[in-house]
Structure formats: structure tokens, C-alpha cells
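First up is the structure itself, then whatever we jot down about it.
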Amino acid sequence: MGDVLAGFHAAWEFGSDSVRIRFERGIRTPKLLQALGERRIPLEAIAAVTLTPGKRGTVVLQAVPRPGADPLMDAAAGQLKESSDPYRLVLPAEREALAEYYADELRGQLVADEDVRSDGCLVPPPEAPLHFKAYDGKASFDGSAVSFRWFWTGASSAKWKAGDKTFPVGDLSGVEWRSPELFEGHLRLLHRDVAEQQPGQADQDPASVVFGLGYGPVHESLPFAASVLAAVRASGSTPSLPGQPTAQATVPARRDPADIADRIRHLGELHQAGLVTDAEFSTKKAELLAEL
């Protein structure tokens, strides 16, 4: 092939062994796509191609990545909004015939399951160094270790007592990312040694940073999580995909009253911003008070 198909916010360039996706940097383009800039997707990383009707007179050409092929999508674990999915190309409905042509051409080039390499990620992860500010600390990754530096305005007493932390990727088994657009969003590093227990609550776990309103945005924290996850896999540690139960999780002890107050204040911020409904606010506040 070698042609380019341009849609809203992105253009796909079809090559003999890959699809190069270039994302626009306009103000209407989701920040995650702007941060990714350009991605090369090997054909062996694609499991299927679909073409479906979209919203308001559009059609959507979508590539479905193989599980384990793209650390970004593995870290996202289905939490991305459709508009931020880097594998969707939205086009005007009048270009449906052209989109169908490219979909058929692409399907004809896909690699059989038995011919797919299994030696690590097929799609390159975002490159380190990376960093972002969470609600309770700053997270940094230099390619070989993750560092958390706590903020006195947000970190729990448990994290202050533990002190700033550095985690070599060889000591990790995976990464758990919960979107900052959801309540109790966080990034948690999973220990390779299952005998080392981790607190169930992310705000009590020194191997986690928690997100808040304006802290740990998707376009910063998700590429960070993907880069760490790719490094963990390359180190030979057994990966633990987000969403899977882990042996480290334990029932948390009762929290410090000051920590409860901080979480309720954070919940109130989300409620005032319209990110949490009245019912959700009341229910979660009651749950937090019950932990005293």
C-alpha cells in the first residue's frame, strides 16, 4: 500500500509491514493523542480491523491490538474514552467506501497467530525519562527505576513515614493504572516478590501515587505507566496486567483520622467539579467515615 488516509485528529499511513499513525496537535485533538504524536503499529500487533458507523455522520475505522502487543493499551485496561483511543480513525460518512477499501487491504496483510513474535512488546512504548505530578507526590521514571517524591500537602502519614521511594524495574512485576477520570484513580507499582504485602488502599501504599482533580492527567500518567510496564516486561519479570487480582492485596488497617479528612476533602473537590454525583458523594463519604 503506502497511501495515507486522513480523518479527524489523525492520519494513517499504510506500509508493507506497519501502519504509521500521526496525530494532529489542534486544540480539538484529545491531549493523550497529542502527547503520543506519532506511533508505528507493526501489522503483527493487530488482531483485527473493523469499520462501523460513528456519531453525527461519521464512520470509524478501528484496529484491534493483540493483548500484550501494546503496553499503552495494556496499561489502560479498557479505561480510555473512545475519543482518546489511538486505534480509532474517525472519518466523514461520505468516505465510507474508501475506508472499506483500506480496511479490506489491511485485513489481507494481517499476520497469523502462529507467526506473531512473543519476545516482548510489539509496539514501542513512550520513551523515558518521564514524570508527572500526582495528588500526593511526583513520579519520575528514568528507564531503569521509578521514583516517588511525596508532597506534604497530599501524602498520607503512612507515605511520610516510609519516605521518598525508588523502585528498580527488576523488583517489579507490573503496573496498575486506574484512570484519573475515575474516583480513586492511582498508579500502583506491583512488587515482584509476592511475599511482600502491599496495602489495599493506594493512598496508604508507598508503591503508589494517587490522582486528584488536575493531578496525574491521562496524557501524562498513562504513557508513564506504559513505559514502566514495557521496561518491567523487558527485564524478565513476570508481568501483571492491570485489572487482574494480585497476591499482594490485603485488607487495609483502619486509617489515620487525618488521612480520612484528606480523602473526604478530595471527594468534595470532585463533587463540586461535577465529577461525582450526589449519591456517589454521600455513599463514599459514609464508607470513609466508617473506616475511622
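Here's how to read the names in the C-alpha cells: chain A, B, ... by the order shown, residue numbers from 1 in each chain, ligand numbers from 1 in the order shown.
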
Open item on the list: When DSSP is applied to the backbone of this structure, which of range 61-286 of chain A are assigned strand (DSSP E)? Write them out as a PyMOL selection string.
Closed with: chain A and resi 61-65+88-92+130-133+137-141+145-150+165-168+172-178+186-191+208-210

Open item on the list: If we count only C-alpha atoms and set the cut-off at 8 Å, which residues sit around Ala155 in chain A, ignoring sequence neighbours fewer than 2 positions away in its own chain? Please answer as number ranges by chain.
Closed with: A: 135-137, 150-153, 157, 159-160, 203

Task: Polymer residues at most 9 Å from Gly37 in chain A, only C-alpha atoms, same-chain spacing of 3 or more positions, as a PyMOL selection string - done: chain A and resi 21-25+32-34

Task: Residues near range 214-228 of chain A, cut-off 7 Å, only C-alpha atoms, skip fewer than 2 positions along chain, as a ChimeraX atom specification - done: /A:31-32,35,71-72,75-76,125-128,130-135,175,177,179-180,211-212,230-232

Open item on the list: Just want the 10 Å neighbourhood of Phe183 in chain A, counted on only C-alpha atoms, with same-chain residues fewer than 3 positions away dropped. Output as a VMD selection string.
Closed with: chain A and resid 178 to 180 186 211 to 213 266 to 267 270 275 to 276 280 284

Alpha helix (DSSP H) positions in range 198-230 of chain A, given as a compact mmCIF listing (two decimals) with all heavy atoms, in the first residue's frame:
# COMPACT_ATOMS: atom_id res chain seq x y z
N VAL A 218 -4.50 11.92 32.25
CA VAL A 218 -4.34 10.73 31.41
C VAL A 218 -3.15 10.86 30.47
O VAL A 218 -2.36 9.92 30.32
CB VAL A 218 -5.64 10.47 30.61
CG1 VAL A 218 -5.41 9.37 29.56
CG2 VAL A 218 -6.78 10.07 31.54
N HIS A 219 -3.00 12.02 29.83
CA HIS A 219 -1.94 12.15 28.81
C HIS A 219 -0.54 12.16 29.41
O HIS A 219 0.43 12.05 28.66
CB HIS A 219 -2.17 13.41 27.97
CG HIS A 219 -1.97 14.70 28.69
ND1 HIS A 219 -2.89 15.23 29.56
CD2 HIS A 219 -0.93 15.58 28.68
CE1 HIS A 219 -2.45 16.38 30.04
NE2 HIS A 219 -1.26 16.61 29.53
N GLU A 220 -0.43 12.28 30.73
CA GLU A 220 0.87 12.18 31.38
C GLU A 220 1.06 10.86 32.12
O GLU A 220 2.10 10.22 32.01
CB GLU A 220 1.06 13.35 32.36
CG GLU A 220 1.13 14.71 31.69
CD GLU A 220 1.30 15.83 32.69
OE1 GLU A 220 1.35 15.55 33.91
OE2 GLU A 220 1.39 17.00 32.26
N SER A 221 0.05 10.46 32.87
CA SER A 221 0.21 9.27 33.71
C SER A 221 0.11 7.96 32.93
O SER A 221 0.77 6.98 33.28
CB SER A 221 -0.81 9.27 34.86
OG SER A 221 -2.14 9.28 34.37
N LEU A 222 -0.71 7.92 31.87
CA LEU A 222 -0.83 6.66 31.12
C LEU A 222 0.43 6.34 30.31
O LEU A 222 0.92 5.20 30.38
CB LEU A 222 -2.06 6.69 30.21
CG LEU A 222 -2.27 5.42 29.38
CD1 LEU A 222 -2.36 4.18 30.26
CD2 LEU A 222 -3.53 5.55 28.51
N PRO A 223 1.01 7.29 29.55
CA PRO A 223 2.29 6.97 28.89
C PRO A 223 3.37 6.58 29.90
O PRO A 223 4.21 5.72 29.61
CB PRO A 223 2.65 8.29 28.17
CG PRO A 223 1.33 8.93 27.90
CD PRO A 223 0.50 8.61 29.12
N PHE A 224 3.36 7.19 31.07
CA PHE A 224 4.30 6.84 32.14
C PHE A 224 4.10 5.38 32.53
O PHE A 224 5.06 4.60 32.58
CB PHE A 224 4.04 7.75 33.35
CG PHE A 224 5.00 7.59 34.49
CD1 PHE A 224 6.02 8.49 34.69
CD2 PHE A 224 4.87 6.54 35.40
CE1 PHE A 224 6.91 8.36 35.75
CE2 PHE A 224 5.75 6.39 36.46
CZ PHE A 224 6.77 7.30 36.64
N ALA A 225 2.85 4.99 32.79
CA ALA A 225 2.55 3.61 33.18
C ALA A 225 2.95 2.63 32.09
O ALA A 225 3.50 1.55 32.36
CB ALA A 225 1.07 3.46 33.51
N ALA A 226 2.71 2.99 30.83
CA ALA A 226 3.04 2.11 29.71
C ALA A 226 4.55 1.92 29.59
O ALA A 226 5.02 0.81 29.33
CB ALA A 226 2.48 2.69 28.42
N SER A 227 5.31 2.99 29.77
CA SER A 227 6.76 2.91 29.67
C SER A 227 7.33 2.01 30.77
O SER A 227 8.22 1.19 30.53
CB SER A 227 7.36 4.31 29.76
OG SER A 227 8.76 4.28 29.57
N VAL A 228 6.80 2.17 31.99
CA VAL A 228 7.26 1.33 33.10
C VAL A 228 6.89 -0.13 32.85
O VAL A 228 7.70 -1.04 33.05
CB VAL A 228 6.65 1.81 34.44
CG1 VAL A 228 7.04 0.86 35.57
CG2 VAL A 228 7.12 3.23 34.76
N LEU A 229 5.66 -0.37 32.39
CA LEU A 229 5.22 -1.74 32.13
C LEU A 229 6.10 -2.41 31.07
O LEU A 229 6.49 -3.57 31.22
CB LEU A 229 3.76 -1.73 31.66
CG LEU A 229 3.14 -3.09 31.34
CD1 LEU A 229 3.17 -4.01 32.55
CD2 LEU A 229 1.70 -2.91 30.83
N ALA A 230 6.44 -1.69 30.02
CA ALA A 230 7.31 -2.24 28.97
C ALA A 230 8.69 -2.58 29.53
O ALA A 230 9.28 -3.61 29.19
CB ALA A 230 7.42 -1.26 27.81

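CA of Glu13 in chain A lies 19.6 Å from CA of Ala69 in chain A.
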
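With only C-alpha atoms as the atoms that count, the minimum distance from Glu100 in chain A to the choices A:Ala47, A:Ala10, A:Val59, A:Ala261 is reached by A:Val59.
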
Task: Computed interatomic separation between CA of Thr277 in chain A and CA of Ala158 in chain A (Å) - done: 29.4 Å

Open item on the list: Here is a test: counting only C-alpha atoms, which residue of A:Trp12, A:Glu181, A:Thr166, A:Leu172 is nearest to Pro206 in chain A?
Closed with: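 Of the candidates, the smallest distance to Pro206 in chain A is held by A:Thr166.
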
Task: Two-atom distance - CA of Phe281 in chain A, CA of Glu176 in chain A (Å) - done: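 CA of Glu176 in chain A lies 24.4 Å from CA of Phe281 in chain A.
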